[in-house]
$ cat protein_17.txt   # compact mmCIF, C-alpha atoms and all ligand atoms
# COMPACT_ATOMS: atom_id res chain seq x y z
CA MET A 1 26.17 -0.02 17.36
CA ALA A 2 29.74 -0.21 16.12
CA VAL A 3 30.32 -0.31 12.39
CA GLY A 4 31.01 -3.87 11.37
CA GLY A 5 29.18 -5.26 14.42
CA ARG A 6 26.66 -8.08 14.19
CA GLU A 7 23.05 -8.01 15.26
CA GLY A 8 21.21 -11.24 15.66
CA GLY A 9 18.44 -10.58 18.17
CA GLY A 10 20.45 -12.24 20.89
CA ARG A 11 19.86 -15.63 19.31
CA ALA A 12 22.50 -17.92 17.93
CA GLY A 13 22.24 -17.76 14.13
CA GLY A 14 20.47 -14.38 14.22
CA TYR A 15 16.82 -13.47 13.63
CA ASP A 16 14.25 -15.78 12.10
CA VAL A 17 13.33 -13.11 9.55
CA ALA A 18 14.82 -9.76 8.60
CA VAL A 19 12.35 -7.46 6.88
CA VAL A 20 14.09 -4.79 4.82
CA GLY A 21 11.88 -1.67 4.77
CA GLY A 22 9.73 -0.34 7.57
CA GLY A 23 6.98 1.26 5.46
CA LEU A 24 3.42 -0.02 5.52
CA VAL A 25 4.25 -3.20 3.61
CA GLY A 26 7.26 -4.12 5.74
CA ALA A 27 5.57 -3.15 9.01
CA SER A 28 2.44 -5.16 8.17
CA ILE A 29 4.49 -8.26 7.36
CA ALA A 30 6.75 -7.81 10.39
CA TRP A 31 3.78 -7.40 12.75
CA GLY A 32 2.20 -10.53 11.30
CA LEU A 33 5.45 -12.49 11.61
CA ALA A 34 5.94 -11.35 15.22
CA ARG A 35 2.39 -12.48 16.05
CA LEU A 36 3.37 -15.92 14.75
CA GLY A 37 6.20 -16.00 17.28
CA GLN A 38 8.96 -15.22 14.81
CA ARG A 39 11.99 -13.29 15.95
CA VAL A 40 11.94 -10.34 13.56
CA ALA A 41 14.21 -7.42 12.70
CA VAL A 42 12.96 -4.52 10.57
CA ILE A 43 15.84 -2.71 8.91
CA ASP A 44 14.93 0.70 7.57
CA GLU A 45 16.66 3.58 5.85
CA GLY A 46 14.89 6.01 8.18
CA ASP A 47 12.91 9.22 7.80
CA VAL A 48 15.12 10.53 4.99
CA ALA A 49 13.74 7.83 2.68
CA PHE A 50 11.11 8.21 -0.02
CA ARG A 51 8.18 6.66 1.76
CA ALA A 52 4.80 6.18 0.12
CA SER A 53 3.48 5.12 3.51
CA ARG A 54 3.45 8.62 4.94
CA GLY A 55 1.91 10.33 1.90
CA ASN A 56 -1.01 8.22 0.73
CA PHE A 57 -4.75 8.78 0.32
CA ALA A 58 -5.75 6.01 2.77
CA LEU A 59 -8.44 4.25 0.76
CA VAL A 60 -9.16 0.58 1.33
CA TRP A 61 -10.44 0.22 -2.20
CA VAL A 62 -11.84 -2.67 -4.20
CA GLN A 63 -13.90 -1.32 -7.13
CA SER A 64 -11.98 -1.12 -10.38
CA LYS A 65 -9.02 -3.23 -9.19
CA GLY A 66 -7.84 -6.14 -11.34
CA LEU A 67 -8.50 -5.33 -15.00
CA GLY A 68 -5.89 -7.50 -16.75
CA MET A 69 -5.32 -9.71 -13.71
CA PRO A 70 -8.50 -11.02 -12.09
CA GLU A 71 -6.42 -12.73 -9.39
CA TYR A 72 -5.52 -9.25 -8.17
CA ALA A 73 -9.22 -8.42 -7.81
CA ALA A 74 -9.62 -11.54 -5.65
CA TRP A 75 -6.52 -10.69 -3.59
CA THR A 76 -7.81 -7.13 -3.07
CA ARG A 77 -11.26 -8.28 -2.09
CA ARG A 78 -9.78 -10.78 0.34
CA SER A 79 -7.80 -8.01 2.03
CA SER A 80 -10.83 -5.75 2.22
CA GLU A 81 -12.61 -8.58 4.01
CA GLY A 82 -9.71 -9.06 6.40
CA TRP A 83 -9.63 -5.41 7.39
CA ASP A 84 -12.09 -5.61 10.28
CA ALA A 85 -9.94 -8.30 11.90
CA LEU A 86 -6.80 -6.25 11.32
CA ALA A 87 -8.28 -3.09 12.84
CA SER A 88 -9.64 -5.00 15.86
CA ALA A 89 -6.35 -6.78 16.52
CA LEU A 90 -4.40 -3.54 16.29
CA ARG A 91 -6.84 -1.83 18.70
CA GLU A 92 -6.57 -4.72 21.14
CA GLU A 93 -2.81 -4.98 21.01
CA THR A 94 -1.86 -1.30 20.82
CA GLY A 95 -4.88 0.70 22.00
CA ILE A 96 -4.79 2.61 18.68
CA ASP A 97 -8.02 3.01 16.72
CA VAL A 98 -7.03 3.22 13.07
CA ALA A 99 -10.52 4.50 12.17
CA PHE A 100 -11.24 1.81 9.59
CA ASP A 101 -14.69 2.25 8.06
CA ARG A 102 -16.25 0.44 5.11
CA PRO A 103 -19.39 2.39 4.30
CA GLY A 104 -19.11 1.81 0.53
CA GLY A 105 -17.30 4.06 -1.92
CA PHE A 106 -18.20 6.15 -4.96
CA ASN A 107 -16.51 7.07 -8.18
CA LEU A 108 -18.42 10.23 -9.12
CA ALA A 109 -18.87 11.23 -12.76
CA LEU A 110 -18.81 14.87 -13.83
CA GLY A 111 -20.33 14.19 -17.26
CA GLU A 112 -21.89 11.47 -19.40
CA ALA A 113 -18.60 10.51 -21.05
CA GLU A 114 -16.95 9.90 -17.67
CA LEU A 115 -19.80 7.70 -16.53
CA GLU A 116 -19.85 5.74 -19.78
CA ASN A 117 -16.09 5.13 -19.56
CA ARG A 118 -16.33 3.92 -15.97
CA VAL A 119 -19.23 1.60 -16.68
CA ALA A 120 -17.44 0.16 -19.72
CA GLN A 121 -14.31 -0.38 -17.62
CA LEU A 122 -16.23 -2.15 -14.85
CA LYS A 123 -18.00 -4.32 -17.42
CA ARG A 124 -14.64 -5.35 -18.89
CA LEU A 125 -13.31 -6.02 -15.38
CA HIS A 126 -16.23 -8.22 -14.36
CA ASN A 127 -16.38 -10.00 -17.74
CA GLN A 128 -12.92 -11.47 -17.28
CA PRO A 129 -12.69 -15.25 -16.95
CA ASP A 130 -12.18 -16.24 -13.30
CA MET A 131 -13.16 -12.81 -12.02
CA VAL A 132 -14.15 -12.89 -8.34
CA ARG A 133 -17.84 -12.08 -7.92
CA TYR A 134 -18.97 -8.96 -6.09
CA ASP A 135 -21.68 -6.40 -6.67
CA TYR A 136 -21.32 -2.85 -7.82
CA GLU A 137 -23.99 -0.37 -8.80
CA VAL A 138 -24.28 2.25 -11.49
CA MET A 139 -26.26 5.14 -10.03
CA ASP A 140 -27.95 8.13 -11.61
CA ARG A 141 -27.81 11.57 -10.04
CA ALA A 142 -30.92 11.11 -7.89
CA GLN A 143 -29.61 7.85 -6.42
CA VAL A 144 -26.26 9.46 -5.66
CA ALA A 145 -27.92 12.53 -4.11
CA ALA A 146 -29.95 10.31 -1.80
CA MET A 147 -26.71 9.01 -0.29
CA LEU A 148 -24.49 12.10 -0.79
CA PRO A 149 -26.77 15.13 -0.23
CA HIS A 150 -23.98 17.70 -0.74
CA ILE A 151 -23.09 16.89 -4.37
CA GLY A 152 -22.87 19.75 -6.84
CA PRO A 153 -24.97 20.21 -10.01
CA ASP A 154 -22.23 18.80 -12.28
CA VAL A 155 -22.41 15.31 -10.76
CA ILE A 156 -24.49 13.22 -13.15
CA GLY A 157 -24.05 9.76 -11.65
CA ALA A 158 -21.56 7.36 -10.12
CA THR A 159 -20.40 3.83 -9.72
CA TYR A 160 -20.69 2.52 -6.18
CA CYS A 161 -19.30 -0.53 -4.41
CA ALA A 162 -20.25 -1.51 -0.87
CA LEU A 163 -16.82 -3.10 -0.33
CA ASP A 164 -14.91 0.19 -0.49
CA GLY A 165 -13.72 1.92 2.66
CA HIS A 166 -10.99 4.05 4.20
CA VAL A 167 -8.82 4.33 7.26
CA ASN A 168 -6.48 6.72 9.06
CA SER A 169 -3.30 5.44 7.42
CA LEU A 170 -0.85 7.39 9.58
CA ARG A 171 -2.41 5.83 12.64
CA LEU A 172 -2.23 2.47 10.90
CA PHE A 173 1.48 3.04 10.34
CA ARG A 174 1.96 3.96 14.01
CA ALA A 175 -0.09 1.02 15.27
CA LEU A 176 1.85 -1.51 13.17
CA HIS A 177 5.16 -0.17 14.43
CA LEU A 178 4.04 -0.08 18.05
CA GLY A 179 2.42 -3.49 17.72
CA MET A 180 5.42 -5.22 16.20
CA GLN A 181 7.79 -3.73 18.78
CA ARG A 182 5.51 -4.79 21.65
CA LEU A 183 5.69 -8.31 20.26
CA GLY A 184 9.47 -8.15 20.39
CA ALA A 185 10.38 -7.17 16.83
CA ALA A 186 13.54 -5.08 16.63
CA TYR A 187 13.13 -1.86 14.64
CA LEU A 188 16.53 -0.82 13.30
CA PRO A 189 16.17 2.63 11.66
CA ASN A 190 18.83 4.71 9.92
CA ARG A 191 20.37 1.63 8.38
CA THR A 192 20.45 1.55 4.60
CA VAL A 193 20.97 -2.00 3.43
CA ASP A 194 23.75 -1.95 0.88
CA ARG A 195 24.54 -5.66 0.57
CA ILE A 196 22.73 -8.94 1.18
CA GLU A 197 24.84 -12.08 1.16
CA PRO A 198 23.29 -15.53 1.11
CA ARG A 199 25.25 -17.78 3.51
CA PRO A 200 26.54 -21.11 2.12
CA GLY A 201 24.77 -23.11 4.83
CA GLY A 202 21.53 -21.09 4.58
CA GLY A 203 20.46 -17.72 5.93
CA PHE A 204 21.52 -14.21 5.01
CA ALA A 205 23.95 -11.54 6.16
CA ILE A 206 22.40 -8.15 5.60
CA ALA A 207 24.99 -5.40 5.60
CA THR A 208 24.34 -1.78 6.54
CA PRO A 209 26.86 0.99 7.34
CA ALA A 210 25.90 0.50 11.01
CA GLY A 211 26.61 -3.22 11.07
CA THR A 212 25.46 -6.56 9.73
CA VAL A 213 22.19 -8.27 10.61
CA GLU A 214 21.94 -12.04 10.35
CA ALA A 215 18.69 -13.84 9.67
CA ALA A 216 17.47 -17.20 8.44
CA LYS A 217 15.09 -15.51 5.98
CA VAL A 218 14.82 -12.07 4.44
CA VAL A 219 11.74 -10.26 3.14
CA LEU A 220 12.40 -7.36 0.79
CA ALA A 221 9.72 -4.74 1.51
CA ALA A 222 11.73 -1.65 0.67
CA GLY A 223 9.29 -0.03 -1.76
CA ILE A 224 11.17 1.56 -4.65
CA GLY A 225 14.39 0.33 -3.02
CA ASN A 226 13.45 -3.25 -3.92
CA ALA A 227 14.62 -2.62 -7.50
CA THR A 228 18.20 -2.36 -6.22
CA LEU A 229 17.97 -4.96 -3.46
CA GLY A 230 16.26 -7.73 -5.46
CA PRO A 231 19.25 -8.72 -7.64
CA MET A 232 21.36 -9.25 -4.48
CA VAL A 233 19.24 -12.34 -3.81
CA GLY A 234 18.46 -13.37 -7.39
CA LEU A 235 15.17 -11.48 -7.72
CA THR A 236 14.17 -9.04 -10.43
CA VAL A 237 11.90 -6.30 -9.07
CA PRO A 238 11.06 -3.81 -11.82
CA VAL A 239 9.44 -0.99 -9.82
CA ARG A 240 9.52 2.73 -10.49
CA PRO A 241 8.37 5.82 -8.62
CA GLN A 242 5.07 7.41 -9.66
CA ARG A 243 4.23 10.76 -8.09
CA GLY A 244 0.89 11.53 -6.49
CA GLN A 245 -0.13 14.92 -5.09
CA ILE A 246 -2.67 15.54 -2.34
CA LEU A 247 -4.38 18.59 -0.79
CA VAL A 248 -5.86 18.73 2.71
CA THR A 249 -8.28 21.32 4.07
CA GLU A 250 -8.96 22.59 7.55
CA ARG A 251 -11.41 20.59 9.66
CA THR A 252 -15.09 21.00 9.04
CA ALA A 253 -18.34 19.50 10.32
CA PRO A 254 -19.00 15.96 9.03
CA PHE A 255 -20.65 16.06 5.59
CA LEU A 256 -19.18 13.07 3.77
CA ARG A 257 -19.13 9.62 5.30
CA HIS A 258 -18.49 7.71 2.10
CA PRO A 259 -15.04 7.82 0.49
CA ILE A 260 -14.98 9.06 -3.11
CA VAL A 261 -12.02 7.81 -5.12
CA THR A 262 -10.54 11.34 -5.21
CA VAL A 263 -12.18 13.07 -2.20
CA ARG A 264 -12.71 11.91 1.35
CA GLN A 265 -13.44 13.42 4.72
CA THR A 266 -11.11 11.99 7.35
CA ASP A 267 -12.13 10.80 10.79
CA GLU A 268 -10.58 14.04 12.08
CA GLY A 269 -12.81 16.27 9.91
CA THR A 270 -10.28 17.40 7.30
CA VAL A 271 -11.02 16.88 3.61
CA MET A 272 -8.40 15.18 1.44
CA MET A 273 -8.33 15.72 -2.30
CA GLY A 274 -6.13 13.58 -4.45
CA ASP A 275 -4.34 12.04 -6.00
CA SER A 276 -2.55 12.50 -9.28
CA GLN A 277 -0.56 9.87 -11.19
CA GLU A 278 2.55 11.48 -12.65
CA GLU A 279 5.72 10.06 -14.18
CA ALA A 280 8.19 12.47 -12.57
CA GLY A 281 11.04 10.17 -11.56
CA PHE A 282 12.25 10.75 -8.01
CA ASP A 283 10.97 14.34 -7.90
CA PRO A 284 8.57 14.66 -4.95
CA THR A 285 7.65 18.35 -5.43
CA VAL A 286 4.12 19.72 -5.62
CA GLY A 287 2.89 22.15 -8.27
CA THR A 288 -0.19 24.31 -8.69
CA PRO A 289 -1.11 23.11 -12.20
CA ILE A 290 -1.98 19.64 -10.88
CA LEU A 291 -3.26 20.79 -7.48
CA SER A 292 -5.65 23.27 -9.03
CA VAL A 293 -7.17 20.66 -11.35
CA MET A 294 -7.75 18.30 -8.42
CA ALA A 295 -9.21 21.06 -6.25
CA GLU A 296 -11.47 22.28 -9.05
CA ARG A 297 -12.88 18.79 -9.63
CA ALA A 298 -13.40 18.29 -5.90
CA MET A 299 -15.32 21.59 -5.67
CA ARG A 300 -17.55 20.59 -8.58
CA MET A 301 -18.31 17.37 -6.73
CA PHE A 302 -18.94 19.11 -3.39
CA PRO A 303 -19.24 22.92 -3.73
CA LEU A 304 -18.93 23.43 0.04
CA ILE A 305 -15.24 22.44 -0.25
CA GLY A 306 -14.72 25.82 -1.94
CA ARG A 307 -15.33 27.54 1.40
CA LEU A 308 -12.58 25.60 3.18
CA ASN A 309 -8.94 26.65 3.56
CA VAL A 310 -6.31 24.30 2.25
CA VAL A 311 -3.84 23.78 5.09
CA ARG A 312 -1.35 21.40 3.48
CA THR A 313 -0.30 19.93 0.19
CA TRP A 314 2.27 17.25 -0.47
CA ALA A 315 3.53 14.82 -3.04
CA ALA A 316 4.66 11.25 -2.44
CA LEU A 317 6.02 8.52 -4.67
CA ARG A 318 4.03 5.37 -5.37
CA VAL A 319 5.82 2.08 -5.87
CA MET A 320 4.68 1.07 -9.35
CA THR A 321 5.26 -1.97 -11.54
CA ARG A 322 4.83 -1.89 -15.32
CA ASP A 323 1.38 -3.48 -15.18
CA GLY A 324 0.37 -1.91 -11.88
CA PHE A 325 0.03 -5.26 -10.08
CA PRO A 326 2.01 -6.40 -7.05
CA ILE A 327 5.07 -8.63 -6.99
CA TYR A 328 5.25 -11.44 -4.42
CA GLU A 329 7.93 -14.02 -4.98
CA GLN A 330 10.43 -16.27 -3.28
CA SER A 331 13.84 -16.35 -4.91
CA ALA A 332 14.58 -19.61 -6.74
CA ALA A 333 18.31 -18.87 -6.57
CA CYS A 334 18.30 -17.97 -2.85
CA PRO A 335 15.42 -19.79 -1.11
CA GLY A 336 14.37 -17.95 2.04
CA ALA A 337 14.55 -14.56 0.29
CA PHE A 338 11.13 -13.08 -0.50
CA VAL A 339 9.94 -9.85 -2.08
CA ALA A 340 6.63 -8.06 -1.45
CA THR A 341 5.82 -4.85 -3.23
CA CYS A 342 2.64 -3.14 -4.42
CA HIS A 343 1.02 0.25 -5.00
CA SER A 344 -1.94 -0.33 -2.65
CA GLY A 345 -0.24 -1.06 0.62
CA VAL A 346 -3.08 0.40 2.69
CA THR A 347 -5.74 -1.74 1.02
CA LEU A 348 -3.55 -4.83 1.10
CA ALA A 349 -2.36 -4.36 4.70
CA ALA A 350 -4.74 -7.03 5.98
CA ASN A 351 -3.31 -9.61 3.57
CA HIS A 352 0.24 -8.55 4.33
CA ALA A 353 -0.36 -8.81 8.08
CA LEU A 354 -2.67 -11.80 8.31
CA VAL A 355 -2.03 -14.00 5.23
CA LEU A 356 1.47 -13.55 3.81
CA PRO A 357 3.45 -14.06 7.08
CA ARG A 358 2.21 -17.66 7.47
CA HIS A 359 3.64 -18.53 4.08
CA VAL A 360 6.95 -16.85 4.85
CA VAL A 361 7.16 -18.95 8.01
CA ASP A 362 6.34 -22.09 5.98
CA GLY A 363 8.98 -21.07 3.46
CA HIS A 364 6.58 -21.52 0.56
CA LEU A 365 4.22 -19.17 -1.34
CA PRO A 366 1.34 -21.39 -2.55
CA ALA A 367 1.24 -21.33 -6.34
CA ASP A 368 -2.56 -21.12 -6.57
CA VAL A 369 -2.50 -17.64 -5.02
CA PHE A 370 0.98 -16.28 -5.67
CA GLU A 371 2.33 -17.67 -8.95
CA VAL A 372 0.57 -15.01 -10.97
CA PHE A 373 2.29 -12.28 -8.92
CA GLY A 374 5.83 -13.42 -9.79
CA ALA A 375 8.06 -11.01 -11.70
CA GLY A 376 8.53 -13.68 -14.39
CA ARG A 377 5.42 -12.19 -16.00
CA PHE A 378 7.58 -9.29 -17.21
CA ASP A 379 9.98 -11.60 -19.08
CA VAL A 380 8.11 -11.30 -22.35
CA PRO A 381 10.36 -11.98 -25.35
CA ALA A 382 10.67 -8.96 -27.64
CA ALA A 383 8.43 -9.19 -30.67
CA ALA A 384 10.25 -10.29 -33.84
C1 LIG B 1 -0.15 9.81 -3.34
C2 LIG B 1 -0.37 8.39 -2.95
C3 LIG B 1 -1.64 7.95 -2.68
C4 LIG B 1 -1.85 6.62 -2.29
N1 LIG B 1 -3.11 6.23 -1.97
C5 LIG B 1 -3.32 4.96 -1.56
C6 LIG B 1 -4.62 4.54 -1.17
O1 LIG B 1 -5.55 5.33 -1.15
N2 LIG B 1 -4.81 3.25 -0.82
C7 LIG B 1 -3.78 2.34 -0.85
O2 LIG B 1 -4.00 1.16 -0.56
N3 LIG B 1 -2.53 2.71 -1.17
C8 LIG B 1 -2.28 4.00 -1.52
N4 LIG B 1 -1.03 4.41 -1.85
C9 LIG B 1 0.05 3.42 -1.85
C10 LIG B 1 0.60 3.08 -0.50
O3 LIG B 1 0.92 4.23 0.22
C11 LIG B 1 1.83 2.22 -0.74
O4 LIG B 1 1.46 1.03 -1.42
C12 LIG B 1 2.51 1.79 0.49
O5 LIG B 1 2.74 2.87 1.33
C13 LIG B 1 3.84 1.18 0.07
O6 LIG B 1 4.50 0.84 1.23
P1 LIG B 1 5.95 0.25 1.15
O7 LIG B 1 6.25 -0.14 2.54
O8 LIG B 1 6.05 -0.76 0.08
O9 LIG B 1 6.86 1.46 0.63
P2 LIG B 1 7.36 2.77 1.35
O10 LIG B 1 6.35 3.41 2.20
O11 LIG B 1 7.94 3.62 0.25
O12 LIG B 1 8.48 2.29 2.33
C14 LIG B 1 9.67 1.70 1.86
C15 LIG B 1 10.61 1.68 3.04
O13 LIG B 1 11.77 0.98 2.62
C16 LIG B 1 12.90 1.62 3.18
N5 LIG B 1 14.05 1.34 2.32
C17 LIG B 1 14.20 1.58 1.00
N6 LIG B 1 15.40 1.17 0.57
C18 LIG B 1 16.03 0.67 1.67
C19 LIG B 1 17.31 0.10 1.87
N7 LIG B 1 18.21 -0.06 0.89
N8 LIG B 1 17.65 -0.27 3.14
C20 LIG B 1 16.77 -0.12 4.18
N9 LIG B 1 15.54 0.39 4.01
C21 LIG B 1 15.17 0.79 2.77
C22 LIG B 1 12.56 3.08 3.26
O14 LIG B 1 13.23 3.66 4.36
C23 LIG B 1 11.04 3.07 3.49
O15 LIG B 1 10.71 3.22 4.86
C24 LIG B 1 -0.77 5.72 -2.21
C25 LIG B 1 0.52 6.17 -2.47
C26 LIG B 1 0.73 7.50 -2.83
C27 LIG B 1 2.12 7.95 -3.08
$ encode --input "protein_17.txt" --output "C-alpha cells"
Amino acid sequence: MAVGGREGGGRAGGYDVAVVGGGLVGASIAWGLARLGQRVAVIDEGDVAFRASRGNFALVWVQSKGLGMPEYAAWTRRSSEGWDALASALREETGIDVAFDRPGGFNLALGEAELENRVAQLKRLHNQPDMVRYDYEVMDRAQVAAMLPHIGPDVIGATYCALDGHVNSLRLFRALHLGMQRLGAAYLPNRTVDRIEPRPGGGFAIATPAGTVEAAKVVLAAGIGNATLGPMVGLTVPVRPQRGQILVTERTAPFLRHPIVTVRQTDEGTVMMGDSQEEAGFDPTVGTPILSVMAERAMRMFPLIGRLNVVRTWAALRVMTRDGFPIYEQSAACPGAFVATCHSGVTLAANHALVLPRHVVDGHLPADVFEVFGAGRFDVPAAA
C-alpha cells in the first residue's frame, strides 16, 4: 500500500474497530469482535517486535492469582472456566487443536519454608473480603507422590488447585490469527502505529508509515507498546517489560500430565522449565546463571529431567504493571478508544475472546467488572 494511503476495509467510514497489536491479547479480542460481526483491522508492528505471545510458558493458571485485588482472582477464574468453550470454538472454526487441558496444577515445595510461605500466601489470598470461592489443597509428600509418581526426594509437599491447566500457546496464537482472518478481519503486519488522531465527528485515524487506517473504535492491545500509544487517546498505561527465561528439552515419553508452576510437559512431549522474573529493561538475552538455577530446581522436582538434552532456551518480555494486575479502560477523553493489557494473556484469552468484545461493541465497560482495572488506581497522591 502506498505511503499516505487510507485503509478502511472497503467500507465508508472505515473499520468498525481497529485493534493495535496482533499478539495474544489483540488477536483474542479481534477474533471475538469478528465473531460478533464487526469489521476488524489488526495493525501490528510485525515479527521484529518484542512479543510476549511467542515466548510464554503457556499455563492457564488460577491458584495464587489476585492477592491485593480479589476481583482479579474472579476475572482469572472466569477465564479458566471459559477456556473449554474457547478451545472448542477454535477447533471448530480453524481445525486447530490448541491442546487445552485442565487436569489441575501443582506448586511443588522443595523444603518446609517454601511450603509454609505458599500456604500463608494462599490463606491471605482467600481471606480477602469479596474473594471468589474455589478450593485448593495443601498436600504432603505422599499425597503428591500418589498423583506425580516421578517426584524427587527433595519434594516435601505442594499446593494443588483443580482449576489450573495449560495449553499449546503457539498453536493458540496461530488459531486466533487464522480464525479472525477467516471471519474477515484484516491483519495488517509491518505497520508500526506512530500516531492516533481522534476525529472531530467521532472515530479515529491511525497512522502508520504504510498508510492510515480509519476506524470507529480503537482497542490498544500493543503490549509494552501501549505505554506510548495510550497518551495519544488520553489513556495512561504504565507498563514495563519484565524478562522471563525458559528452557525446553528434547521430547520424552509422557511422565507429567499435571502442569507445575515452573515445569510442564507439553502435548508434544518436550519439557519446559521456567520462568524467571527479571527487571532487565528491554534486554531479551538469556544467561546461564538464571537458566542453571531453574534447571537445577526442575531436576530436584523430577530427577529424570537430568537425563534429557536441552534443545532450546529463550527469553521474552512480560507486559507488567506496577501492581501486576491488568488494565482495561475506555478513554474518558476519547470515547471509543479502549486499552487491554495484562501479564497473563494465555490464561485470560477466554475472557478477551468471549467477554470483552461484547462490551467494546456496546461501547461501555460495565463498572461492576472493569472499574477496578482502570489505570486511575495508580494515581495515588505522594505521601506528605
Ligand atoms: C516468559 C514468559 C512466560 C509467560 N508465561 C505465561 C503463562 O504461563 N500463562 C499466561 O497466561 N501468560 C504468560 N505470559 C504472558 C503472556 O505471554 C502475555 O500476557 C501475552 O502474550 C501478552 O500479549 P500481548 O498481546 O499483550 O503482548 P505481545 O505479545 O507483546 O504483543 C504486542 C503486540 O503489539 C505490537 N505492537 C507494539 N507496539 C506497536 C505499535 N506501535 N504499532 C503496532 N503494533 C505494535 C507488537 O508487534 C506485538 O505483536 C508469559 C510471558 C512471558 C514473557
$ axis_aligned_box --input "protein_17.txt" --around "region 105-114 of chain A" --padding-each-side "6 Å" --output "AutoDock Vina command-line options"
--center_x -19.2 --center_y 9.5 --center_z -11.5 --size_x 17.4 --size_y 22.8 --size_z 31.1
$ closest_residue --input "protein_17.txt" --among "A:Met180, A:Met147, A:Ala109, A:Ile260" --to "Gly37 (chain A)" --atoms "all atoms listed in the file"
A:Met180
$ residues_near_ligand --input "protein_17.txt" --ligand "ligand LIG 1 (chain B)" --cutoff "7 Å" --atoms "all atoms listed in the file" --output "PyMOL selection string"
chain A and resi 20-26+43-47+49-61+191-194+221-226+229+243-246+275-276+315-319+341-348
$ closest_residue --input "protein_17.txt" --among "A:Arg195, A:Arg35, A:Arg358, A:Arg240" --to "Arg182 (chain A)" --atoms "all atoms listed in the file"
A:Arg35
$ residues_near_point --input "protein_17.txt" --point "(-20.2, 11.0, -16.9)" --cutoff "12 Å" --atoms "only C-alpha atoms" --output "PyMOL selection string"
chain A and resi 107-120+138-141+154-159
$ atom_distance --input "protein_17.txt" --atom1 "CA of Ser88 (chain A)" --atom2 "CA of His258 (chain A)"
20.7 Å
$ atom_distance --input "protein_17.txt" --atom1 "CA of Val17 (chain A)" --atom2 "CA of Lys217 (chain A)"
4.6 Å
$ decode --input "protein_17.txt" --residues "region 63-117 of chain A" --atoms "C-alpha atoms" --output "PDB file, in the first residue's frame"
ATOM      1  CA  GLN A  63      -4.074 -20.617  42.014  1.00  0.00           C
ATOM      2  CA  SER A  64      -2.291 -17.718  43.666  1.00  0.00           C
ATOM      3  CA  LYS A  65      -3.781 -15.022  41.392  1.00  0.00           C
ATOM      4  CA  GLY A  66      -5.373 -11.952  42.967  1.00  0.00           C
ATOM      5  CA  LEU A  67      -3.616 -11.180  46.250  1.00  0.00           C
ATOM      6  CA  GLY A  68      -4.280  -7.439  46.623  1.00  0.00           C
ATOM      7  CA  MET A  69      -7.121  -7.437  44.096  1.00  0.00           C
ATOM      8  CA  PRO A  70      -9.718 -10.169  44.639  1.00  0.00           C
ATOM      9  CA  GLU A  71     -11.582  -9.015  41.521  1.00  0.00           C
ATOM     10  CA  TYR A  72      -8.596 -10.245  39.522  1.00  0.00           C
ATOM     11  CA  ALA A  73      -8.976 -13.695  41.085  1.00  0.00           C
ATOM     12  CA  ALA A  74     -12.625 -13.711  39.942  1.00  0.00           C
ATOM     13  CA  TRP A  75     -11.680 -12.492  36.449  1.00  0.00           C
ATOM     14  CA  THR A  76      -8.998 -15.200  36.202  1.00  0.00           C
ATOM     15  CA  ARG A  77     -11.297 -17.930  37.397  1.00  0.00           C
ATOM     16  CA  ARG A  78     -13.962 -16.813  34.935  1.00  0.00           C
ATOM     17  CA  SER A  79     -11.473 -17.100  32.073  1.00  0.00           C
ATOM     18  CA  SER A  80     -10.322 -20.522  33.218  1.00  0.00           C
ATOM     19  CA  GLU A  81     -13.961 -21.597  33.080  1.00  0.00           C
ATOM     20  CA  GLY A  82     -14.384 -20.144  29.601  1.00  0.00           C
ATOM     21  CA  TRP A  83     -11.390 -21.996  28.223  1.00  0.00           C
ATOM     22  CA  ASP A  84     -13.207 -25.166  27.154  1.00  0.00           C
ATOM     23  CA  ALA A  85     -15.574 -23.084  25.041  1.00  0.00           C
ATOM     24  CA  LEU A  86     -12.675 -21.138  23.548  1.00  0.00           C
ATOM     25  CA  ALA A  87     -10.723 -24.276  22.629  1.00  0.00           C
ATOM     26  CA  SER A  88     -13.824 -25.934  21.115  1.00  0.00           C
ATOM     27  CA  ALA A  89     -14.750 -22.875  19.057  1.00  0.00           C
ATOM     28  CA  LEU A  90     -11.207 -22.535  17.742  1.00  0.00           C
ATOM     29  CA  ARG A  91     -11.127 -26.240  16.802  1.00  0.00           C
ATOM     30  CA  GLU A  92     -14.469 -25.938  15.035  1.00  0.00           C
ATOM     31  CA  GLU A  93     -13.632 -22.768  13.164  1.00  0.00           C
ATOM     32  CA  THR A  94      -9.984 -23.421  12.290  1.00  0.00           C
ATOM     33  CA  GLY A  95      -9.391 -27.168  12.648  1.00  0.00           C
ATOM     34  CA  ILE A  96      -6.547 -26.395  15.091  1.00  0.00           C
ATOM     35  CA  ASP A  97      -6.425 -28.270  18.389  1.00  0.00           C
ATOM     36  CA  VAL A  98      -4.756 -25.935  20.874  1.00  0.00           C
ATOM     37  CA  ALA A  99      -4.266 -28.842  23.309  1.00  0.00           C
ATOM     38  CA  PHE A 100      -6.043 -27.184  26.229  1.00  0.00           C
ATOM     39  CA  ASP A 101      -6.079 -29.443  29.277  1.00  0.00           C
ATOM     40  CA  ARG A 102      -7.175 -28.640  32.825  1.00  0.00           C
ATOM     41  CA  PRO A 103      -6.003 -31.580  34.910  1.00  0.00           C
ATOM     42  CA  GLY A 104      -5.201 -29.453  37.982  1.00  0.00           C
ATOM     43  CA  GLY A 105      -1.867 -27.825  38.725  1.00  0.00           C
ATOM     44  CA  PHE A 106       0.778 -28.040  41.443  1.00  0.00           C
ATOM     45  CA  ASN A 107       3.132 -25.628  43.091  1.00  0.00           C
ATOM     46  CA  LEU A 108       5.778 -28.023  44.454  1.00  0.00           C
ATOM     47  CA  ALA A 109       7.755 -27.163  47.578  1.00  0.00           C
ATOM     48  CA  LEU A 110      11.413 -28.118  47.924  1.00  0.00           C
ATOM     49  CA  GLY A 111      11.518 -27.536  51.685  1.00  0.00           C
ATOM     50  CA  GLU A 112       9.344 -26.731  54.689  1.00  0.00           C
ATOM     51  CA  ALA A 113       9.917 -22.979  54.446  1.00  0.00           C
ATOM     52  CA  GLU A 114       8.702 -22.914  50.835  1.00  0.00           C
ATOM     53  CA  LEU A 115       5.559 -24.808  51.723  1.00  0.00           C
ATOM     54  CA  GLU A 116       4.847 -22.605  54.732  1.00  0.00           C
ATOM     55  CA  ASN A 117       5.252 -19.454  52.618  1.00  0.00           C
TER      56      ASN A 117
END
